[in-house]
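So this block is model.csv, CSV, C-alpha atoms:
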chain,number,residue,atom,x,y,z
G,1,MET,CA,-3.6,-27.1,10.5
G,2,LYS,CA,-2.7,-25.6,7.1
G,3,ALA,CA,1.0,-25.7,8.0
G,4,TRP,CA,0.9,-29.4,9.0
G,5,LEU,CA,-1.0,-30.4,5.8
G,6,LEU,CA,1.6,-28.6,3.7
G,7,LEU,CA,4.3,-30.3,5.7
G,8,ALA,CA,2.8,-33.8,4.9
G,9,ILE,CA,2.7,-32.9,1.2
G,10,ILE,CA,6.3,-31.8,1.3
G,11,VAL,CA,7.6,-34.9,3.1
G,12,GLY,CA,5.7,-37.3,0.9
G,13,SER,CA,6.8,-35.8,-2.4
G,14,THR,CA,10.4,-35.3,-1.2
G,15,VAL,CA,10.8,-38.9,-0.2
G,16,THR,CA,9.4,-40.1,-3.5
G,17,ALA,CA,11.6,-37.7,-5.5
G,18,ASP,CA,14.8,-38.6,-3.6
G,19,LEU,CA,14.3,-42.4,-4.0
G,20,LEU,CA,13.6,-42.0,-7.7
G,21,GLN,CA,16.6,-39.7,-8.3
G,22,SER,CA,19.0,-41.9,-6.4
G,23,HIS,CA,17.8,-45.0,-8.2
G,24,GLU,CA,18.1,-43.5,-11.7
G,25,MET,CA,21.4,-41.7,-11.1
G,26,LYS,CA,23.0,-44.9,-9.8
G,27,ARG,CA,21.8,-46.7,-12.9
G,28,HIS,CA,23.4,-43.9,-15.0
G,29,GLY,CA,26.7,-44.3,-13.2
G,30,GLU,CA,29.3,-41.8,-11.8
G,31,ILE,CA,29.4,-38.5,-13.7
G,32,GLN,CA,33.0,-37.5,-14.6
G,33,ASP,CA,32.7,-35.0,-17.4
G,34,PHE,CA,32.1,-31.5,-15.9
G,35,ARG,CA,32.9,-29.4,-19.0
G,36,PRO,CA,30.0,-27.2,-20.0
G,37,ARG,CA,29.3,-29.2,-23.2
G,38,GLY,CA,29.5,-32.4,-21.3
G,39,ILE,CA,27.0,-31.2,-18.7
G,40,GLY,CA,24.7,-29.9,-21.4
G,41,ARG,CA,24.7,-33.2,-23.1
G,42,LEU,CA,24.2,-35.1,-19.9
G,43,LEU,CA,21.2,-32.9,-18.9
G,44,GLY,CA,19.7,-33.7,-22.3
G,45,VAL,CA,20.1,-37.4,-21.6
G,46,LEU,CA,18.8,-37.2,-18.1
G,47,ALA,CA,15.7,-35.1,-19.2
G,48,GLN,CA,14.5,-38.2,-21.1
G,49,LYS,CA,14.5,-40.6,-18.1
G,50,ARG,CA,11.0,-41.2,-17.0
G,51,ASN,CA,11.9,-41.7,-13.3
G,52,LEU,CA,13.7,-38.4,-13.2
G,53,ILE,CA,10.8,-36.6,-14.9
G,54,PHE,CA,8.5,-38.0,-12.2
G,55,ALA,CA,11.1,-37.0,-9.5
G,56,VAL,CA,11.1,-33.4,-10.8
G,57,ILE,CA,7.3,-33.3,-10.8
G,58,CYS,CA,7.4,-34.5,-7.1
G,59,MET,CA,10.0,-31.9,-6.4
G,60,ALA,CA,7.8,-29.2,-8.0
G,61,ILE,CA,4.9,-30.2,-5.8
G,62,SER,CA,7.2,-30.1,-2.8
G,63,PHE,CA,8.5,-26.7,-3.9
G,64,PHE,CA,5.1,-25.1,-4.3
G,65,ALA,CA,3.9,-26.5,-1.0
G,66,PHE,CA,7.1,-25.1,0.6
G,67,MET,CA,6.4,-21.7,-1.0
G,68,ALA,CA,3.0,-21.7,0.7
G,69,LEU,CA,4.5,-23.0,4.0
G,70,VAL,CA,7.1,-20.2,4.4
G,71,GLN,CA,4.3,-17.7,4.1
G,72,VAL,CA,2.5,-19.1,7.2
G,73,ALA,CA,5.6,-20.3,9.2
G,74,ASP,CA,9.1,-19.2,10.0
G,75,LEU,CA,11.9,-20.3,7.7
G,76,SER,CA,13.8,-21.7,10.7
G,77,PHE,CA,10.7,-23.9,11.4
G,78,ALA,CA,9.7,-24.8,7.8
G,79,VAL,CA,13.1,-26.1,6.6
G,80,PRO,CA,14.0,-28.3,9.6
G,81,ALA,CA,10.5,-29.6,10.0
G,82,SER,CA,10.3,-30.7,6.4
G,83,ALA,CA,13.6,-32.6,7.0
G,84,GLY,CA,11.6,-35.1,9.1
G,85,SER,CA,11.8,-37.1,5.9
G,86,LEU,CA,15.4,-37.9,6.6
G,87,VAL,CA,14.8,-40.9,8.9
G,88,ILE,CA,12.1,-42.3,6.5
G,89,GLU,CA,14.4,-41.9,3.6
G,90,THR,CA,17.3,-43.6,5.4
G,91,ILE,CA,15.1,-46.6,6.1
G,92,LEU,CA,13.8,-46.7,2.5
G,93,ALA,CA,17.4,-46.4,1.2
G,94,ARG,CA,18.1,-49.6,3.1
G,95,VAL,CA,14.9,-51.4,2.1
G,96,VAL,CA,14.1,-50.1,-1.4
G,97,LEU,CA,17.5,-49.1,-2.8
G,98,LYS,CA,19.4,-51.9,-1.0
G,99,GLU,CA,22.1,-49.6,0.3
G,100,ARG,CA,24.4,-50.9,2.9
G,101,VAL,CA,23.6,-48.6,5.8
G,102,ASP,CA,26.2,-49.2,8.5
G,103,SER,CA,26.0,-48.3,12.2
G,104,ARG,CA,27.9,-45.1,11.5
G,105,ARG,CA,25.2,-43.9,9.1
G,106,TRP,CA,22.3,-45.0,11.4
G,107,ILE,CA,23.8,-43.1,14.3
G,108,GLY,CA,24.6,-40.1,12.1
G,109,ALA,CA,21.0,-40.0,10.7
G,110,ALA,CA,19.6,-40.3,14.2
G,111,LEU,CA,21.8,-37.4,15.4
G,112,VAL,CA,20.7,-35.3,12.4
G,113,ALA,CA,17.1,-36.1,12.9
G,114,GLY,CA,17.3,-35.3,16.7
G,115,GLY,CA,19.0,-32.0,15.8
G,116,VAL,CA,16.4,-31.2,13.2
G,117,TRP,CA,13.7,-31.9,15.8
G,118,LEU,CA,15.4,-29.5,18.2
G,119,LEU,CA,15.6,-26.8,15.5
G,120,ALA,CA,11.9,-27.1,15.0
G,121,LEU,CA,11.1,-26.4,18.7
Q,1,MET,CA,38.4,-43.6,-0.3
Q,2,ASN,CA,40.5,-42.3,-3.2
Q,3,PRO,CA,41.5,-38.6,-3.0
Q,4,ARG,CA,39.8,-37.6,-6.2
Q,5,LEU,CA,36.5,-39.0,-5.1
Q,6,ARG,CA,36.9,-37.4,-1.7
Q,7,TRP,CA,37.6,-34.0,-3.2
Q,8,LYS,CA,34.7,-34.3,-5.7
Q,9,THR,CA,32.3,-35.4,-3.0
Q,10,ARG,CA,33.2,-32.5,-0.7
Q,11,ALA,CA,33.0,-29.9,-3.5
Q,12,PHE,CA,29.6,-31.1,-4.6
Q,13,ALA,CA,28.3,-31.3,-1.0
Q,14,ALA,CA,29.4,-27.7,-0.6
Q,15,ILE,CA,27.6,-26.6,-3.7
Q,16,VAL,CA,24.4,-28.5,-2.7
Q,17,ILE,CA,24.5,-26.9,0.8
Q,18,LEU,CA,25.2,-23.3,-0.3
Q,19,SER,CA,22.8,-23.2,-3.2
Q,20,ASN,CA,20.0,-24.7,-1.1
Q,21,ALA,CA,20.5,-22.3,1.9
Q,22,PHE,CA,20.8,-19.2,-0.2
Q,23,GLY,CA,18.0,-20.3,-2.5
Q,24,ASN,CA,15.6,-20.7,0.4
Q,25,LEU,CA,16.7,-17.4,1.9
Q,26,SER,CA,16.1,-15.5,-1.4
Q,27,LEU,CA,12.8,-17.3,-1.9
Q,28,THR,CA,11.5,-16.4,1.6
Q,29,TRP,CA,12.8,-12.8,1.4
Q,30,GLY,CA,11.0,-12.4,-2.0
Q,31,LEU,CA,7.8,-13.9,-0.8
Q,32,ARG,CA,7.7,-11.8,2.3
Q,33,ASN,CA,8.7,-8.5,0.7
Q,34,GLY,CA,7.0,-7.4,-2.5
Q,35,THR,CA,4.6,-10.1,-3.3
Q,36,GLU,CA,1.0,-10.6,-2.3
Q,37,GLU,CA,0.0,-13.6,-0.2
Q,38,LEU,CA,-0.2,-16.8,-2.3
Q,39,THR,CA,-3.6,-18.2,-3.0
Q,40,ALA,CA,-4.6,-21.5,-4.7
Q,41,SER,CA,-4.7,-19.6,-8.0
Q,42,PRO,CA,-1.9,-20.4,-10.5
Q,43,ILE,CA,-1.8,-16.7,-11.4
Q,44,SER,CA,-0.9,-15.9,-7.8
Q,45,PHE,CA,2.1,-18.4,-8.1
Q,46,LEU,CA,3.2,-17.0,-11.5
Q,47,HIS,CA,3.1,-13.4,-10.2
Q,48,ALA,CA,5.3,-14.5,-7.3
Q,49,ILE,CA,7.7,-16.4,-9.4
Q,50,PHE,CA,8.6,-13.4,-11.6
Q,51,SER,CA,9.6,-11.1,-8.7
Q,52,PRO,CA,13.4,-10.7,-8.7
Q,53,TRP,CA,14.3,-12.4,-5.3
Q,54,VAL,CA,12.0,-15.3,-6.0
Q,55,THR,CA,13.5,-15.7,-9.5
Q,56,LEU,CA,17.0,-15.7,-8.0
Q,57,GLY,CA,15.9,-18.2,-5.3
Q,58,ILE,CA,14.5,-20.5,-8.0
Q,59,CYS,CA,17.7,-20.3,-10.1
Q,60,LEU,CA,19.7,-21.3,-7.0
Q,61,LEU,CA,17.3,-24.1,-6.2
Q,62,ILE,CA,17.7,-25.4,-9.8
Q,63,THR,CA,21.5,-25.4,-9.2
Q,64,TRP,CA,20.8,-27.3,-5.9
Q,65,MET,CA,18.7,-29.9,-7.7
Q,66,ILE,CA,21.2,-30.6,-10.5
Q,67,SER,CA,24.3,-30.6,-8.3
Q,68,ARG,CA,22.5,-33.0,-5.9
Q,69,MET,CA,21.6,-35.3,-8.8
Q,70,PHE,CA,25.3,-35.4,-9.8
Q,71,LEU,CA,26.3,-36.2,-6.3
Q,72,LEU,CA,23.8,-39.0,-6.2
Q,73,SER,CA,25.4,-40.6,-9.3
Q,74,TRP,CA,28.3,-41.8,-7.1
Q,75,ALA,CA,27.2,-41.3,-3.5
Q,76,ASP,CA,24.6,-43.3,-1.6
Q,77,LEU,CA,21.3,-41.5,-0.6
Q,78,SER,CA,21.9,-42.6,3.0
Q,79,TYR,CA,25.3,-40.7,2.8
Q,80,VAL,CA,24.1,-37.6,1.0
Q,81,LEU,CA,21.1,-36.9,3.3
Q,82,PRO,CA,23.0,-36.4,6.6
Q,83,VAL,CA,26.1,-34.8,5.0
Q,84,THR,CA,24.1,-32.1,3.2
Q,85,ALA,CA,22.0,-31.6,6.3
Q,86,PHE,CA,24.4,-28.8,7.2
Q,87,GLY,CA,22.1,-26.8,5.0
Q,88,TYR,CA,19.6,-26.8,7.9
Q,89,VAL,CA,22.1,-25.2,10.2
Q,90,LEU,CA,22.9,-22.6,7.5
Q,91,ASN,CA,19.2,-21.9,7.0
Q,92,ALA,CA,18.7,-21.3,10.7
Q,93,LEU,CA,21.7,-18.9,10.8
Q,94,LEU,CA,20.6,-17.0,7.7
Q,95,GLY,CA,17.0,-16.8,9.1
Q,96,ARG,CA,18.5,-15.3,12.2
Q,97,LEU,CA,20.8,-12.9,10.3
Q,98,PHE,CA,18.7,-11.7,7.5
Q,99,LEU,CA,15.1,-12.4,8.4
Q,100,GLY,CA,15.3,-11.5,12.1
Q,101,GLU,CA,14.1,-14.9,13.2
Q,102,HIS,CA,14.7,-15.8,16.8
Q,103,VAL,CA,17.2,-18.7,17.3
Q,104,THR,CA,16.5,-20.3,20.7
Q,105,PRO,CA,19.0,-22.4,22.8
Q,106,GLU,CA,17.1,-25.5,21.6
Q,107,ARG,CA,17.9,-24.6,18.0
Q,108,TRP,CA,21.6,-24.1,18.8
Q,109,ALA,CA,21.6,-27.5,20.6
Q,110,GLY,CA,20.0,-28.9,17.4
Q,111,THR,CA,22.7,-27.3,15.3
Q,112,LEU,CA,25.4,-29.1,17.4
Q,113,LEU,CA,23.7,-32.5,17.0
Q,114,ILE,CA,23.4,-32.0,13.2
Q,115,VAL,CA,27.1,-31.1,13.0
Q,116,GLY,CA,28.0,-34.2,15.0
Q,117,GLY,CA,25.9,-36.4,12.7
Q,118,ILE,CA,27.5,-34.8,9.6
Q,119,ILE,CA,31.0,-35.4,10.9
Q,120,LEU,CA,30.2,-39.0,11.8
Q,121,VAL,CA,28.8,-39.8,8.4
Q,122,GLY,CA,31.1,-37.6,6.4
Q,123,LEU,CA,34.2,-39.5,7.7
Q,124,GLY,CA,32.8,-42.7,6.1
Q,125,ASN,CA,32.8,-43.8,2.5
Q,126,PRO,CA,30.1,-42.2,0.2
Q,127,HIS,CA,29.4,-45.4,-1.6
Q,128,THR,CA,29.4,-48.8,0.1
Q,129,GLY,CA,27.7,-50.9,-2.5
Q,130,GLU,CA,24.5,-52.8,-2.3
Q,131,SER,CA,23.6,-54.9,0.8
Q,132,THR,CA,23.0,-58.6,0.3

Would you write out, as structure tokens, the structure that this file holds?
Amino acid sequence: MKAWLLLAIIVGSTVTADLLQSHEMKRHGEIQDFRPRGIGRLLGVLAQKRNLIFAVICMAISFFAFMALVQVADLSFAVPASAGSLVIETILARVVLKERVDSRRWIGAALVAGGVWLLAL
Amino acid sequence: MNPRLRWKTRAFAAIVILSNAFGNLSLTWGLRNGTEELTASPISFLHAIFSPWVTLGICLLITWMISRMFLLSWADLSYVLPVTAFGYVLNALLGRLFLGEHVTPERWAGTLLIVGGIILVGLGNPHTGEST
């Protein structure tokens, strides 16, 4: 019961974090400067974005829930089971982020989700 | 897809996958060896965080978070999710190798499905633009 509650917290916070991150990083645009100074400057800019701050808080919640989960469940269960968010996120990427999810991606996501389900058995 | 973007996407996908898998392994190893069981108390979490393996795991997971953010600046979320899912396969393998976890035939079948999904999505374009 404790494991499933932790799993629900992980999935909910992961979905929220990923949607916020993807939205904000697309608004920022493609990163092209990978020199240390450029990355440092970029991280300074990104640290001021409200959506990214909230995304990191959600990831922290997910992280602490994951820390608690791996103490009561196998790593080879915890990781794939928490990936149940993949299908929800693909649907929300289409609906909320307005991404063009073609048939190749739907089939790919379904295969991955099926694989993740088998890993969790 | 232009070759520069293809190379950059593959390099960042590899960093995302490796930092996540080894971060999770280090974290689990640290939590199972040398720390007390976590309770709801923040002190319990702080005590766990400062053990060496957990600290290494956290550093790797910070690398994972930043590299994934970078990848999302040019690649769609619906592309990044399946492509970086190879991390789940690597997690199962590392769990088997280092943590002595049992990998059943179902888990190997799951691994094959994930790899198939990754290949299918990975052959496409990482950014397709907004739908109408």

Task: Contacts of Phe34 in chain G within 12 Å, all atoms listed in the file, excl. fewer than 3 positions in-chain, as a PyMOL selection string - done: (chain G and resi 30-31+37-43) or (chain Q and resi 8+12+67+70)

Write out the residues from the selection above, keeping C-alpha atoms, as a JSON list (two decimals), keeping the file's coordinate frame.
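Produced file part.json, reproduced below:
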[["chain", "number", "residue", "atom", "x", "y", "z"],
["G", 30, "GLU", "CA", 29.30, -41.80, -11.80],
["G", 31, "ILE", "CA", 29.40, -38.50, -13.70],
["G", 37, "ARG", "CA", 29.30, -29.20, -23.20],
["G", 38, "GLY", "CA", 29.50, -32.40, -21.30],
["G", 39, "ILE", "CA", 27.00, -31.20, -18.70],
["G", 40, "GLY", "CA", 24.70, -29.90, -21.40],
["G", 41, "ARG", "CA", 24.70, -33.20, -23.10],
["G", 42, "LEU", "CA", 24.20, -35.10, -19.90],
["G", 43, "LEU", "CA", 21.20, -32.90, -18.90],
["Q", 8, "LYS", "CA", 34.70, -34.30, -5.70],
["Q", 12, "PHE", "CA", 29.60, -31.10, -4.60],
["Q", 67, "SER", "CA", 24.30, -30.60, -8.30],
["Q", 70, "PHE", "CA", 25.30, -35.40, -9.80]]

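CA of Thr90 in chain G lies 11.4 Å from CA of Val112 in chain G.
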
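Note that CA of Gly122 in chain Q and CA of Pro82 in chain Q are 8.2 Å apart.
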
Item to complete: Counting all atoms listed in the file, note down every residue that has an atom within 9 Å of the point (14.4, -37.7, -9.3) (file coordinates), as a count of residues only.
Response: 20

Spatial neighbours of Leu92 in chain G, 10 Å, only C-alpha atoms, chain gap at least 6 places, as number ranges by chain: G: 15-16, 19, 86, 98-99; Q: 77-78

- Up to 8 Å from chain Q, what residues of chain G turn up? Count all atoms listed in the file and give them as a PyMOL selection string. chain G and resi 18-19+21-22+25-31+67-68+70-71+74-76+79-80+86+89-90+93-94+97-101+104-105+107-121

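Taking CA of Gly30 in chain Q and CA of Ile15 in chain Q as endpoints, the distance between them is 21.9 Å.
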